[in-house]
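Novice: Sharing a structure, written as structure tokens. Questions coming.
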Amino acid sequence: MTHPRSIQHTTSSREWGALIAFASPHLSVESVSATLDAPLDWTALLAQAEEHGVLPLMTARLQECAFVPSVPETRTELEAWQRAQSIFTLSLSAHLFRALDSLAAAGIGVLVTKGPVLSVRCYGGPSMRQYVDLDLIVRDKDIERVTQVMLHLRYEPRIPLGAIQAARIPGEYTFVNIDRKVVLEFHTERTLRYHPRPMPIDKLFRRQTAVPVDGRNVPTPSLEDELVLICVHGAKHFWERLIWIADVAALISAKQAPDWSRAMAAAREVGAERILRLGLCLASALLGAQLPAELEASIQSDRTVAKLTAQIQNRLASRKPREIGVMERAMFRMRMRGGLFAGATYLLRLSLSPTEEDWTPGAEGSRPAFMDTIGRPLRLAKKHSRRPNN
């Protein structure tokens with residue numbers, strides 16, 4: 001079997017190579033110097049870094065290596081962006097702490113995922129990772145009380161109240177602060193629909209830990225549960241951004257590595273074993289992360305994972321990434337579940353699980369749910385039926 005790391009990317013550019021170097025968990029001054037030895041289009045590099053969510057990470061690592069871009073305008077732009085990022089993340093932290101205090105006062109259990117806690121876990125600080133909102137996990141039975149708390153804190157729900165009261169299930173419950181336009185997204189065991197099997201939410205809460213963010217301990221899923229969560233999230237979006245792979249690479253390369261028996265057990269609970277293997281293989285093949293010895297054999301022997309890793313690498317490195325067609329999307333979903341019957345069942349469930357995009361505006365709380373279920377496959381086919389570019 002050909003290891004994905006040996007695949008040649010004929011469409012890669014110097015700028016992409018620089019991004020890979022900065023996103024690697026094994027960054028060194030020598031590797032950065034070698035990467036930046038050739039002339040770079042800094043305008044294109046910065047745009048690509050922001051598109052892939054690694055601009056704050058790249059900026060910080062340029063400083064770590066004492067490398068100063070030769071273009072004065074670039075230096076000024078990076079410094080201004082870093083200041084703005086720091087201010088923005090501090091503002092998000094303040095909103096997060098206020099929400100956590102109010103939810104705790106109402107007796108509502110909550111875990112914070114991705115965003116600042118993942119940035120701390122992976123890169124050492126809340127402003128080292130690019131994110132624009134806050135993600136929280138609550139139990140589905142608490143979502144109406146969560147809504148009341150957020151209304152009291154001057155947040156407007158993007159999901160109509162009638163739909164929430166009617167127990168309709170959106171992609172996530174999004175709330176936007178009226179004053180500052182800060183966005184908080186709440187996920188429940190029912191909105192985490194891209195997990196092949198239902199999330200055992202009470203186990204997630206029992207295994208929780210805390211991560212220090214701006215001097216305060218924030219409740220968050222265990223390291224192993226977080227790893228599975230971010231791999232499912234990356235697979236949901238077909239691993240189209242480098243930051244999602246960089247997060248996996250950083251998480252498994254940190255001083256406190258995951259307990260791999262627990263990580264695989266967490267993946268098995270939700271049927272995400274192959275999803276986890278793909279995330280780990282991408283982190284290794286693209287960014288040089290060291291695979292856990294106890295999993296390396298099973299990861300490298302999975303031909304589907306190897307093939308998908310090579311496809312994702314080539315798509316990411318392409319200067320003009322093509323649209324992923326509807327059939328390719330469907331096959332990817334099925335392969336992630338593993339097995340023909342299990343894969344088909346997973347795809348069918350996703351195809352027949354309507355979100356707010358499928359609801360009829362103004363009738364979210366009254367229209368029969370099966371009408372949205374019937375219409376969802378047609379909407380998805382229309383949305384993703386654009387012919388892929390050659």
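We label chains A, B, ... in the order they appear in the structure tokens, count residues from 1 in each chain, and number ligands from 1 in the order shown.
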Extract, using only C-alpha atoms, all DNA, RNA and protein residues at most 10 Å from A:Ser284, discarding same-chain residues fewer than 3 positions from it, and format them as number ranges by chain.

Specialist: A: 4-5, 24, 245, 248-249, 278-281, 287-291, 309

Novice: Could you write those residues out with C-alpha atoms, as a PDB file, in the first residue's frame?

Specialist:
ATOM      1  CA  PRO A   4      -0.211   9.060   1.685  1.00  0.00           C
ATOM      2  CA  ARG A   5       2.969  10.898   2.686  1.00  0.00           C
ATOM      3  CA  SER A  24       3.193  21.616  11.840  1.00  0.00           C
ATOM      4  CA  ILE A 245      -6.029  19.079  10.651  1.00  0.00           C
ATOM      5  CA  VAL A 248      -5.672  17.207  15.509  1.00  0.00           C
ATOM      6  CA  ALA A 249      -1.895  17.267  14.964  1.00  0.00           C
ATOM      7  CA  LEU A 278      -8.802   9.536   9.081  1.00  0.00           C
ATOM      8  CA  GLY A 279      -8.155  12.589  11.268  1.00  0.00           C
ATOM      9  CA  LEU A 280      -5.035  10.967  12.709  1.00  0.00           C
ATOM     10  CA  CYS A 281      -3.787   9.877   9.281  1.00  0.00           C
ATOM     11  CA  LEU A 287       1.811  17.826   9.156  1.00  0.00           C
ATOM     12  CA  GLY A 288       4.173  15.103  10.339  1.00  0.00           C
ATOM     13  CA  ALA A 289       2.406  14.357  13.623  1.00  0.00           C
ATOM     14  CA  GLN A 290       3.603  11.154  15.272  1.00  0.00           C
ATOM     15  CA  LEU A 291       0.910   8.497  15.213  1.00  0.00           C
ATOM     16  CA  THR A 309      -6.139  11.060   2.946  1.00  0.00           C
TER      17      THR A 309
END

Novice: Using only C-alpha atoms, which residues sit within 7 Å of stretch 154-168 of chain A once same-chain residues fewer than 2 positions away are excluded, as a compact mmCIF listing (two decimals) with C-alpha atoms, in the first residue's frame?

Specialist:
# COMPACT_ATOMS: atom_id res chain seq x y z
CA GLU A 144 -35.73 25.75 26.50
CA MET A 150 -29.81 33.75 26.73
CA LEU A 151 -32.83 36.01 26.22
CA HIS A 152 -32.20 37.45 29.68
CA PRO A 170 -31.72 22.66 13.97
CA TYR A 173 -29.03 26.64 18.45
CA THR A 174 -27.47 30.00 17.58
CA PHE A 175 -27.81 33.12 19.75
CA VAL A 176 -26.49 36.56 18.78
CA ASN A 177 -25.79 39.27 21.35
CA ILE A 178 -27.91 42.34 20.61
CA GLU A 364 -41.38 26.14 11.79
CA GLY A 365 -43.55 25.26 14.77

Novice: Considering only alpha helix (DSSP H) as DSSP defines it on the backbone, what residues of stretch 84-167 of chain A qualify? List them as a VMD selection string.

Specialist: chain A and resid 84 to 105 115 to 123 143 to 152 161 to 165

Novice: With a distance cut-off of 9 Å and only C-alpha atoms, select the neighbouring residues of stretch 262-270 of chain A, excluding the residue or stretch itself and same-chain residues fewer than 4 positions from it, and output the selection as a PyMOL selection string.

Specialist: chain A and resi 195-200+223-225+227-228+258+274-276

Novice: So which residues touch stretch 55-58 of chain A within 7 Å, counting only C-alpha atoms, skipping near sequence neighbours fewer than 3 positions away, as a count of residues only?

Specialist: 10

Novice: Select, from A:Arg206, A:Arg121, A:Arg216, A:Arg14, the residue with the minimum atom-to-atom distance to A:Ser93, counting only C-alpha atoms.

Specialist: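 Nearest to A:Ser93: A:Arg216.
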
Novice: Grab the atom CA of A:Ser261 to atom CA of A:Pro221 distance for me, in Å with one decimal place.

Specialist: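 Separation between atom CA of A:Ser261 and atom CA of A:Pro221: 16.3 Å.
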
Novice: Which of stretch 131-294 of chain A counts as strand (DSSP E) under DSSP, as a PyMOL selection string please?

Specialist: chain A and resi 134-137+155-157+173-177+183-187+209-213+216-220

Novice: Store the residues of this selection in a file with C-alpha atoms, as a CSV table (one decimal), in the first residue's frame.

Specialist:
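Produced file selection36.csv, reproduced below:
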chain,number,residue,atom,x,y,z
A,134,LEU,CA,-18.3,30.1,20.9
A,135,ASP,CA,-19.5,26.5,20.9
A,136,LEU,CA,-21.2,25.0,24.0
A,137,ILE,CA,-22.7,21.6,24.6
A,155,TYR,CA,-29.1,37.4,23.0
A,156,GLU,CA,-31.5,36.9,20.1
A,157,PRO,CA,-32.1,33.3,18.9
A,173,TYR,CA,-29.0,26.6,18.5
A,174,THR,CA,-27.5,30.0,17.6
A,175,PHE,CA,-27.8,33.1,19.8
A,176,VAL,CA,-26.5,36.6,18.8
A,177,ASN,CA,-25.8,39.3,21.3
A,183,VAL,CA,-22.4,34.6,18.5
A,184,LEU,CA,-22.9,31.6,20.9
A,185,GLU,CA,-23.8,28.2,19.4
A,186,PHE,CA,-25.3,25.5,21.6
A,187,HIS,CA,-25.1,21.9,20.6
A,209,THR,CA,-12.4,18.2,32.7
A,210,ALA,CA,-11.4,21.9,32.9
A,211,VAL,CA,-9.1,24.1,30.8
A,212,PRO,CA,-7.8,27.4,32.0
A,213,VAL,CA,-8.9,30.3,29.8
A,216,ARG,CA,-10.5,30.9,34.8
A,217,ASN,CA,-11.2,27.1,34.6
A,218,VAL,CA,-13.7,26.4,31.9
A,219,PRO,CA,-15.7,23.1,31.8
A,220,THR,CA,-14.9,21.2,28.7

Novice: Given only C-alpha atoms as the basis, pick out the residue of A:Ala272, A:Val149, A:Leu350, A:Ile324 nearest to A:Ala106.

Specialist: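 Looking only at the distances to A:Ala106, the closest residue turns out to be A:Val149.
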
Novice: So that I can see what lies close to A:Ser91, please list as a PDB file with C-alpha atoms, in the first residue's frame the residues with an atom at most 12 Å from it, counting only C-alpha atoms and leaving out residues fewer than 2 positions away in the same chain.

Specialist:
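Dumped to out_36.pdb:
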ATOM      1  CA  ALA A  84      -7.409  42.833  16.733  1.00  0.00           C
ATOM      2  CA  GLN A  85      -7.431  39.076  17.341  1.00  0.00           C
ATOM      3  CA  SER A  86      -6.298  39.495  20.946  1.00  0.00           C
ATOM      4  CA  ILE A  87      -8.965  42.119  21.658  1.00  0.00           C
ATOM      5  CA  PHE A  88     -11.643  40.014  19.989  1.00  0.00           C
ATOM      6  CA  THR A  89     -10.795  36.849  21.931  1.00  0.00           C
ATOM      7  CA  SER A  93     -13.997  35.265  26.860  1.00  0.00           C
ATOM      8  CA  ALA A  94     -15.941  37.923  28.782  1.00  0.00           C
ATOM      9  CA  HIS A  95     -19.172  36.892  27.061  1.00  0.00           C
ATOM     10  CA  LEU A  96     -18.379  33.228  27.675  1.00  0.00           C
ATOM     11  CA  PHE A  97     -17.796  33.739  31.408  1.00  0.00           C
ATOM     12  CA  ARG A  98     -21.020  35.698  31.750  1.00  0.00           C
ATOM     13  CA  PRO A 116     -10.737  29.178  23.145  1.00  0.00           C
ATOM     14  CA  PRO A 126      -6.954  31.477  23.597  1.00  0.00           C
ATOM     15  CA  SER A 127      -5.877  33.883  20.824  1.00  0.00           C
ATOM     16  CA  VAL A 132     -15.526  33.734  15.274  1.00  0.00           C
ATOM     17  CA  ASP A 133     -18.018  32.274  17.755  1.00  0.00           C
ATOM     18  CA  LEU A 134     -18.287  30.131  20.864  1.00  0.00           C
ATOM     19  CA  ASN A 177     -25.790  39.267  21.346  1.00  0.00           C
ATOM     20  CA  ARG A 180     -21.941  43.281  20.504  1.00  0.00           C
ATOM     21  CA  LYS A 181     -23.080  40.784  17.859  1.00  0.00           C
ATOM     22  CA  VAL A 182     -21.152  38.025  19.635  1.00  0.00           C
ATOM     23  CA  VAL A 183     -22.370  34.576  18.550  1.00  0.00           C
ATOM     24  CA  ASP A 214      -7.797  33.856  30.831  1.00  0.00           C
TER      25      ASP A 214
END

Novice: For A:Tyr123, work out the shell of residues within 10 Å, counting only C-alpha atoms and skipping chain neighbours fewer than 5 positions away, then give it as a list in words.

Specialist: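 Here the answer would be Pro25, Leu57, Ala60, Val117, Leu118, Met128, Arg129, Asp247, Ala250, Leu251 and Ala254 of chain A.
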
Novice: Store the residues picked out above in a file with C-alpha atoms, as an mmCIF file, in the first residue's frame.

Specialist:
data_model
loop_
_atom_site.group_PDB
_atom_site.id
_atom_site.type_symbol
_atom_site.label_atom_id
_atom_site.label_comp_id
_atom_site.auth_asym_id
_atom_site.auth_seq_id
_atom_site.Cartn_x
_atom_site.Cartn_y
_atom_site.Cartn_z
ATOM 1 C CA PRO A 25 3.428 20.716 15.529
ATOM 2 C CA LEU A 57 -0.847 30.590 14.444
ATOM 3 C CA ALA A 60 2.840 33.771 16.412
ATOM 4 C CA VAL A 117 -10.456 25.876 25.046
ATOM 5 C CA LEU A 118 -9.156 24.068 21.967
ATOM 6 C CA MET A 128 -3.658 31.396 18.962
ATOM 7 C CA ARG A 129 -6.547 29.869 17.039
ATOM 8 C CA ASP A 247 -5.814 21.001 15.656
ATOM 9 C CA ALA A 250 -1.365 19.667 17.871
ATOM 10 C CA LEU A 251 -3.711 17.796 20.206
ATOM 11 C CA ALA A 254 0.968 17.990 23.090
#

Novice: Residues within 10 Å of A:Gly171, please, as a PyMOL selection string. Count only C-alpha atoms; anything in the same chain fewer than 4 positions from it doesn't count.

Specialist: chain A and resi 159+185-188+190-194+353-357

Novice: For the residues in the current selection, export N, CA and C atoms as a PDB file, in the first residue's frame.

Specialist:
ATOM      1  N   ILE A 159     -32.907  30.711  15.796  1.00  0.00           N
ATOM      2  CA  ILE A 159     -33.935  29.683  15.609  1.00  0.00           C
ATOM      3  C   ILE A 159     -35.227  30.228  16.211  1.00  0.00           C
ATOM      4  N   GLU A 185     -23.115  29.353  19.985  1.00  0.00           N
ATOM      5  CA  GLU A 185     -23.822  28.227  19.379  1.00  0.00           C
ATOM      6  C   GLU A 185     -23.897  27.083  20.380  1.00  0.00           C
ATOM      7  N   PHE A 186     -25.117  26.617  20.631  1.00  0.00           N
ATOM      8  CA  PHE A 186     -25.333  25.512  21.567  1.00  0.00           C
ATOM      9  C   PHE A 186     -25.628  24.234  20.783  1.00  0.00           C
ATOM     10  N   HIS A 187     -24.950  23.164  21.197  1.00  0.00           N
ATOM     11  CA  HIS A 187     -25.129  21.853  20.580  1.00  0.00           C
ATOM     12  C   HIS A 187     -25.677  20.896  21.625  1.00  0.00           C
ATOM     13  N   THR A 188     -26.531  19.991  21.185  1.00  0.00           N
ATOM     14  CA  THR A 188     -27.070  18.965  22.076  1.00  0.00           C
ATOM     15  C   THR A 188     -26.811  17.592  21.450  1.00  0.00           C
ATOM     16  N   ARG A 190     -28.818  15.816  20.165  1.00  0.00           N
ATOM     17  CA  ARG A 190     -29.658  15.661  18.970  1.00  0.00           C
ATOM     18  C   ARG A 190     -29.169  16.513  17.797  1.00  0.00           C
ATOM     19  N   THR A 191     -28.480  17.606  18.054  1.00  0.00           N
ATOM     20  CA  THR A 191     -27.950  18.398  16.941  1.00  0.00           C
ATOM     21  C   THR A 191     -26.614  17.852  16.445  1.00  0.00           C
ATOM     22  N   LEU A 192     -25.920  17.059  17.264  1.00  0.00           N
ATOM     23  CA  LEU A 192     -24.649  16.467  16.830  1.00  0.00           C
ATOM     24  C   LEU A 192     -24.943  15.262  15.940  1.00  0.00           C
ATOM     25  N   ARG A 193     -25.668  15.506  14.872  1.00  0.00           N
ATOM     26  CA  ARG A 193     -26.198  14.438  14.020  1.00  0.00           C
ATOM     27  C   ARG A 193     -25.135  13.785  13.146  1.00  0.00           C
ATOM     28  N   TYR A 194     -23.953  14.396  13.003  1.00  0.00           N
ATOM     29  CA  TYR A 194     -22.921  13.786  12.164  1.00  0.00           C
ATOM     30  C   TYR A 194     -22.127  12.710  12.900  1.00  0.00           C
ATOM     31  N   SER A 353     -32.678  13.981   7.880  1.00  0.00           N
ATOM     32  CA  SER A 353     -32.721  14.704   9.160  1.00  0.00           C
ATOM     33  C   SER A 353     -32.748  16.199   8.887  1.00  0.00           C
ATOM     34  N   PRO A 354     -33.925  16.791   8.769  1.00  0.00           N
ATOM     35  CA  PRO A 354     -34.021  18.201   8.376  1.00  0.00           C
ATOM     36  C   PRO A 354     -33.444  19.139   9.430  1.00  0.00           C
ATOM     37  N   THR A 355     -32.826  20.226   8.957  1.00  0.00           N
ATOM     38  CA  THR A 355     -32.346  21.302   9.820  1.00  0.00           C
ATOM     39  C   THR A 355     -33.128  22.564   9.467  1.00  0.00           C
ATOM     40  N   GLU A 356     -32.737  23.683  10.049  1.00  0.00           N
ATOM     41  CA  GLU A 356     -33.451  24.930   9.804  1.00  0.00           C
ATOM     42  C   GLU A 356     -33.452  25.342   8.337  1.00  0.00           C
ATOM     43  N   GLU A 357     -32.459  24.873   7.577  1.00  0.00           N
ATOM     44  CA  GLU A 357     -32.436  25.187   6.146  1.00  0.00           C
ATOM     45  C   GLU A 357     -33.590  24.525   5.404  1.00  0.00           C
TER      46      GLU A 357
END

Novice: Taking into account only C-alpha atoms, which residue in the set A:Met327, A:Ala285, A:Ala344, A:Ile312 is nearest to A:Gln300?

Specialist: A:Ala285

Novice: May I ask for the distance between atom CA of A:Arg207 and atom CA of A:Val146, given in Å to one decimal place?

Specialist: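 Computing it gives 21.8 Å between the two atoms.
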
Novice: Give me, please, the distance in Å between atom CA of A:Ile108 and atom CA of A:Glu189, quoted to one decimal.

Specialist: 14.9 Å

Novice: So, with only C-alpha atoms as the atoms that count, which of A:Leu229, A:Arg83, A:Arg315, A:Lys203 lies closest to A:Lys114?

Specialist: A:Leu229

Novice: Calculated over only C-alpha atoms, which of the candidates A:Ala317, A:Leu92, A:Gly234, A:Gln63 has the smallest distance to A:Glu79?

Specialist: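 Ranking A:Ala317, A:Leu92, A:Gly234, A:Gln63 by distance to A:Glu79, first place goes to A:Gln63.
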